[in-house]
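Next comes protein_12.txt, with compact mmCIF, C-alpha atoms.
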# COMPACT_ATOMS: atom_id res chain seq x y z
CA MET A 200 5.85 16.08 -45.67
CA CYS A 201 6.69 18.18 -42.61
CA VAL A 202 6.66 21.93 -42.47
CA LEU A 203 8.63 21.85 -39.21
CA ALA A 204 10.61 19.16 -37.47
CA LYS A 205 12.58 20.39 -34.49
CA GLN A 206 14.16 18.44 -31.67
CA ILE A 207 13.71 19.93 -28.21
CA SER A 208 16.28 18.78 -25.67
CA ALA A 209 15.08 17.26 -22.41
CA ALA A 210 16.99 19.96 -20.55
CA THR A 211 14.66 22.67 -21.88
CA ILE A 212 11.44 20.99 -20.74
CA PRO A 213 11.93 21.74 -16.99
CA THR A 214 12.64 25.37 -17.91
CA ILE A 215 9.36 25.62 -19.82
CA TYR A 216 7.36 23.38 -17.47
CA PRO A 217 9.08 23.16 -14.04
CA ALA A 218 6.66 20.49 -12.79
CA ALA A 219 7.74 18.22 -15.66
CA ARG A 220 11.14 17.76 -14.04
CA ALA A 221 9.70 15.65 -11.24
CA THR A 222 7.23 13.71 -13.34
CA LEU A 223 9.35 12.99 -16.40
CA PHE A 224 12.92 12.78 -15.20
CA ASP A 225 13.01 11.79 -11.54
CA MET A 226 10.72 8.77 -11.61
CA PRO A 227 12.10 5.63 -9.94
CA ALA A 228 12.84 2.58 -12.05
CA PHE A 229 9.93 0.14 -12.24
CA PRO A 230 10.36 -3.55 -11.38
CA THR A 231 9.55 -6.10 -14.05
CA MET A 232 6.89 -8.63 -13.09
CA LYS A 233 7.31 -12.24 -14.23
CA GLY A 234 4.76 -14.89 -15.08
CA PRO A 235 1.42 -14.89 -16.91
CA SER A 236 0.48 -11.38 -15.76
CA ARG A 237 3.89 -9.97 -16.73
CA CYS A 238 3.85 -6.25 -17.32
CA THR A 239 6.82 -4.86 -19.20
CA GLN A 240 8.00 -1.54 -17.80
CA ALA A 241 11.19 0.48 -17.87
CA GLY A 242 12.42 3.84 -16.77
CA PRO A 243 13.45 6.41 -16.12
CA SER A 244 14.78 7.47 -19.49
CA SER A 245 15.76 10.69 -21.17
CA LEU A 246 13.19 12.42 -23.31
CA SER A 247 13.57 14.00 -26.73
CA ALA A 248 10.71 15.86 -28.35
CA TYR A 249 10.05 16.57 -32.01
CA ALA A 250 7.46 18.97 -33.40
CA LEU A 251 5.95 18.74 -36.85
CA ARG A 252 3.08 20.22 -38.79
CA LEU A 253 1.20 18.34 -41.47
CA SER A 254 -0.60 20.16 -44.29
CA PRO A 255 -4.04 19.73 -45.86
CA GLY A 256 -4.51 16.38 -47.60
CA GLU A 257 -1.69 14.56 -45.81
CA GLU A 258 -2.51 11.26 -44.11
CA ILE A 259 -1.49 11.43 -40.45
CA VAL A 260 -0.59 7.79 -39.67
CA THR A 261 1.50 7.34 -42.83
CA SER A 262 3.25 10.65 -42.19
CA LEU A 263 4.01 9.71 -38.57
CA ILE A 264 5.43 6.29 -39.49
CA THR A 265 7.57 7.88 -42.22
CA PHE A 266 8.81 10.52 -39.75
CA VAL A 267 9.69 7.86 -37.15
CA LYS A 268 11.59 5.79 -39.75
CA ASP A 269 13.41 8.83 -41.17
CA LYS A 270 14.52 9.94 -37.69
CA LYS A 271 15.30 6.32 -36.66
CA LEU A 272 13.29 6.70 -33.46
CA LYS A 273 13.21 3.57 -31.29
CA ALA A 274 10.65 4.40 -28.56
CA PRO A 275 8.39 7.13 -29.98
CA PHE A 276 4.98 8.21 -28.72
CA ILE A 277 2.51 11.04 -29.27
CA ILE A 278 2.76 13.82 -26.68
CA THR A 279 0.05 16.02 -28.18
CA CYS A 280 -1.79 16.76 -31.41
CA VAL A 281 -4.23 19.45 -32.45
CA GLY A 282 -5.73 20.01 -35.86
CA SER A 283 -8.54 18.79 -38.03
CA VAL A 284 -9.36 15.95 -40.41
CA THR A 285 -11.79 15.37 -43.27
CA LYS A 286 -12.02 11.62 -42.82
CA ALA A 287 -11.02 8.85 -40.45
CA THR A 288 -11.40 5.10 -40.03
CA LEU A 289 -11.80 3.96 -36.41
CA ARG A 290 -12.39 0.70 -34.59
CA LEU A 291 -14.78 1.22 -31.71
CA ALA A 292 -14.38 -0.15 -28.18
CA ASN A 293 -14.93 -3.71 -26.94
CA ALA A 294 -12.81 -5.40 -29.62
CA ILE A 295 -11.29 -8.82 -29.10
CA ALA A 296 -9.14 -10.77 -31.56
CA SER A 297 -12.02 -12.98 -32.73
CA ASN A 298 -14.39 -10.01 -33.06
CA THR A 299 -12.76 -6.70 -33.86
CA ASN A 300 -16.12 -4.97 -33.33
CA GLU A 301 -17.49 -2.14 -35.37
CA ILE A 302 -15.29 -0.23 -37.80
CA VAL A 303 -16.58 3.23 -38.74
CA HIS A 304 -15.59 5.27 -41.77
CA LEU A 305 -16.08 8.97 -41.14
CA ASN A 306 -16.25 11.42 -44.01
CA GLU A 307 -16.80 14.90 -42.62
CA LYS A 308 -14.80 17.66 -40.98
CA PHE A 309 -13.70 16.99 -37.39
CA GLU A 310 -11.48 18.78 -34.89
CA ILE A 311 -8.84 16.54 -33.30
CA VAL A 312 -9.57 16.69 -29.58
CA SER A 313 -6.96 14.09 -28.64
CA LEU A 314 -4.49 11.77 -30.34
CA VAL A 315 -2.43 9.44 -28.15
CA GLY A 316 -0.40 6.29 -28.56
CA THR A 317 2.87 4.64 -29.39
CA LEU A 318 4.63 4.68 -32.73
CA ASN A 319 6.84 1.92 -33.99
CA GLU A 320 6.64 -0.37 -37.02
CA VAL A 321 2.95 -0.74 -36.16
CA ALA A 322 1.40 2.38 -34.66
CA HIS A 323 -1.08 1.95 -31.81
CA LEU A 324 -3.10 5.17 -31.77
CA HIS A 325 -6.39 6.25 -30.24
CA ILE A 326 -8.15 9.45 -31.27
CA THR A 327 -11.07 11.57 -30.14
CA LEU A 328 -12.75 13.76 -32.76
CA ALA A 329 -15.41 16.49 -32.40
CA ASP A 330 -17.91 17.31 -35.15
CA LYS A 331 -19.36 20.73 -36.05
CA ASP A 332 -21.85 20.45 -33.16
CA GLY A 333 -19.21 19.43 -30.60
CA ARG A 334 -20.30 15.80 -30.44
CA THR A 335 -17.36 13.45 -30.01
CA ILE A 336 -16.42 10.02 -31.25
CA GLY A 337 -13.27 8.12 -30.46
CA GLY A 338 -11.57 4.84 -31.01
CA HIS A 339 -8.58 2.91 -32.26
CA VAL A 340 -7.13 4.52 -35.40
CA MET A 341 -7.33 2.16 -38.36
CA GLY A 342 -6.17 4.78 -40.89
CA ASP A 343 -7.48 7.36 -43.34
CA LEU A 344 -6.76 10.34 -41.05
CA GLU A 345 -6.66 12.98 -43.76
CA VAL A 346 -5.66 16.47 -42.62
CA PHE A 347 -8.23 19.21 -43.27
CA THR A 348 -6.44 22.45 -42.26
CA THR A 349 -3.47 21.35 -40.16
CA ALA A 350 -2.16 18.72 -37.78
CA GLU A 351 0.32 20.08 -35.23
CA ILE A 352 1.97 17.12 -33.57
CA VAL A 353 4.59 16.75 -30.86
CA ILE A 354 6.32 13.36 -30.75
CA GLY A 355 8.37 12.21 -27.78
CA GLU A 356 11.04 9.55 -27.68
CA CYS A 357 12.21 7.68 -24.60
CA GLY A 358 16.00 7.58 -24.91
CA GLY A 359 17.59 4.25 -24.09
CA LEU A 360 14.37 2.30 -24.72
CA GLU A 361 12.93 0.50 -27.72
CA PHE A 362 9.28 -0.25 -28.48
CA THR A 363 8.37 -3.37 -30.45
CA ARG A 364 5.23 -5.49 -30.70
CA GLU A 365 4.76 -9.20 -30.13
CA MET A 366 1.64 -11.29 -30.41
CA ASP A 367 0.07 -11.81 -26.99
CA GLU A 368 -1.89 -15.06 -26.81
CA ARG A 369 -4.00 -13.68 -23.96
CA THR A 370 -5.36 -10.76 -26.00
CA GLY A 371 -4.90 -12.05 -29.55
CA PHE A 372 -3.29 -8.75 -30.54
CA PRO A 373 0.31 -7.68 -31.06
CA GLU A 374 1.07 -5.90 -27.76
CA LEU A 375 3.79 -3.46 -26.73
CA VAL A 376 7.14 -4.85 -25.63
CA ILE A 377 9.43 -2.35 -23.91
CA SER A 378 13.13 -3.10 -24.12
CA SER A 379 16.30 -1.40 -23.03
CA ARG A 380 18.42 -0.65 -26.07
CA THR A 381 21.14 -2.66 -24.36
CA LYS A 382 19.04 -5.44 -22.80
CA GLN A 383 15.44 -6.71 -22.66
CA VAL A 384 13.44 -5.31 -19.73

What would the structure in this file look like if it were written as structure tokens?
Amino acid sequence: MCVLAKQISAATIPTIYPAARATLFDMPAFPTMKGPSRCTQAGPSSLSAYALRLSPGEEIVTSLITFVKDKKLKAPFIITCVGSVTKATLRLANAIASNTNEIVHLNEKFEIVSLVGTLNEVAHLHITLADKDGRTIGGHVMGDLEVFTTAEIVIGECGGLEFTREMDERTGFPELVISSRTKQV
């Protein structure tokens, strides 16, 4: 699957990007709000980074979920991704549980402009793609992200945290739950 999978220690990030020290590692802990508008938050946490490259024909979402399972990552997310795809299935904006809105199946060559999201047993990814004329389309990744030339992906993991999903009656979707690996946040 992966041409390269390398863990980068959190200690090396401030050396490479000095400004990252303040933003990634010195953030204050967030309070947890209670009640109907509860927002689950946690931090700060250590950061591990993994780099991998996918080859032509590989499916990105399947490869990412396999990578996360193989590495036993508990709170993984996409830091960055560049590359290209030959097809993609996206759900466009304005979806609600009772109407998931328009699903588009794209079958042409696109550059990956952005890929962001969290990875756990159910990935929650959004992507922006650019066609040969530079026009962009983006949305919620439903699958079928087939690599054209390459997909160079950096995955981060928040040490000490765990990402899971639980159904949220307010949205009708399984939403992110952030937990401490020792206690629920």

What separation in Å, quoted to one decimal, exists between CA of Tyr249 (chain A) and CA of Gly355 (chain A)?
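Distance between the two atoms: 6.3 Å.
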
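One finds CA of Glu374 (chain A) at 23.5 Å from CA of Ser247 (chain A).
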
What is the CA of Gly242 (chain A)-CA of Ser313 (chain A) distance in Å, reported with one decimal?
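That distance, rounded to one decimal, is 24.9 Å.
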
Shell of 12 Å around Gly338 (chain A), all atoms listed in the file, local chain residues under 6 positions omitted, as a list in words:
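What passes the distance filter is Ala287, Thr288, Leu289, Arg290, Leu291, Ala292, Asn293, Ala294, Thr299, Asn300, Glu301, Ile302, Val303, His304, Leu305, Ser313, Leu314, Val315, Gly316, His323, Leu324, His325, Ile326, Thr327 and Leu328 of chain A.
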
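With all atoms listed in the file as the basis for measurement, A:Phe347 is the residue among A:Ala241, A:Lys268, A:Phe347, A:Ser262 that approaches Ser283 (chain A) most closely.
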
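For the choices A:Ser245, A:Thr285, A:Asn319, A:Thr381, the atom-to-atom distance to Asn306 (chain A) is smallest for A:Thr285 when using all atoms listed in the file.
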
Point out the residue among A:Gly342, A:Gly359, A:Pro243, A:Gly282 with the least atom-to-atom distance to Val321 (chain A), counting only C-alpha atoms.
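The answer is A:Gly342, which sits nearest to Val321 (chain A).
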
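For the set A:Glu356, A:Met341, A:Leu263, A:Thr370, the residue with the smallest atom-to-atom gap to Pro275 (chain A) is A:Glu356, counting only C-alpha atoms.
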
In terms of all atoms listed in the file, the residue from A:Ala329, A:His339, A:Asn298, A:Ile352 at minimal distance from Leu251 (chain A) is A:Ile352

Skip Cys357 (chain A) itself and residues of its chain fewer than 2 positions away, then list as an mmCIF file with C-alpha atoms, keeping the file's coordinate frame all residues within 12 Å of it, counting only C-alpha atoms.
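Done, and the output landed in out-v4.cif:
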data_model
loop_
_atom_site.group_PDB
_atom_site.id
_atom_site.type_symbol
_atom_site.label_atom_id
_atom_site.label_comp_id
_atom_site.auth_asym_id
_atom_site.auth_seq_id
_atom_site.Cartn_x
_atom_site.Cartn_y
_atom_site.Cartn_z
ATOM 1 C CA SER A 208 16.280 18.780 -25.670
ATOM 2 C CA ALA A 209 15.080 17.260 -22.410
ATOM 3 C CA LEU A 223 9.350 12.990 -16.400
ATOM 4 C CA PHE A 224 12.920 12.780 -15.200
ATOM 5 C CA ALA A 241 11.190 0.480 -17.870
ATOM 6 C CA GLY A 242 12.420 3.840 -16.770
ATOM 7 C CA PRO A 243 13.450 6.410 -16.120
ATOM 8 C CA SER A 244 14.780 7.470 -19.490
ATOM 9 C CA SER A 245 15.760 10.690 -21.170
ATOM 10 C CA LEU A 246 13.190 12.420 -23.310
ATOM 11 C CA SER A 247 13.570 14.000 -26.730
ATOM 12 C CA ALA A 248 10.710 15.860 -28.350
ATOM 13 C CA TYR A 249 10.050 16.570 -32.010
ATOM 14 C CA LEU A 272 13.290 6.700 -33.460
ATOM 15 C CA LYS A 273 13.210 3.570 -31.290
ATOM 16 C CA ALA A 274 10.650 4.400 -28.560
ATOM 17 C CA PRO A 275 8.390 7.130 -29.980
ATOM 18 C CA PHE A 276 4.980 8.210 -28.720
ATOM 19 C CA ILE A 277 2.510 11.040 -29.270
ATOM 20 C CA ILE A 278 2.760 13.820 -26.680
ATOM 21 C CA THR A 317 2.870 4.640 -29.390
ATOM 22 C CA LEU A 318 4.630 4.680 -32.730
ATOM 23 C CA ILE A 354 6.320 13.360 -30.750
ATOM 24 C CA GLY A 355 8.370 12.210 -27.780
ATOM 25 C CA GLY A 359 17.590 4.250 -24.090
ATOM 26 C CA LEU A 360 14.370 2.300 -24.720
ATOM 27 C CA GLU A 361 12.930 0.500 -27.720
ATOM 28 C CA PHE A 362 9.280 -0.250 -28.480
ATOM 29 C CA ILE A 377 9.430 -2.350 -23.910
ATOM 30 C CA SER A 378 13.130 -3.100 -24.120
ATOM 31 C CA SER A 379 16.300 -1.400 -23.030
ATOM 32 C CA ARG A 380 18.420 -0.650 -26.070
#
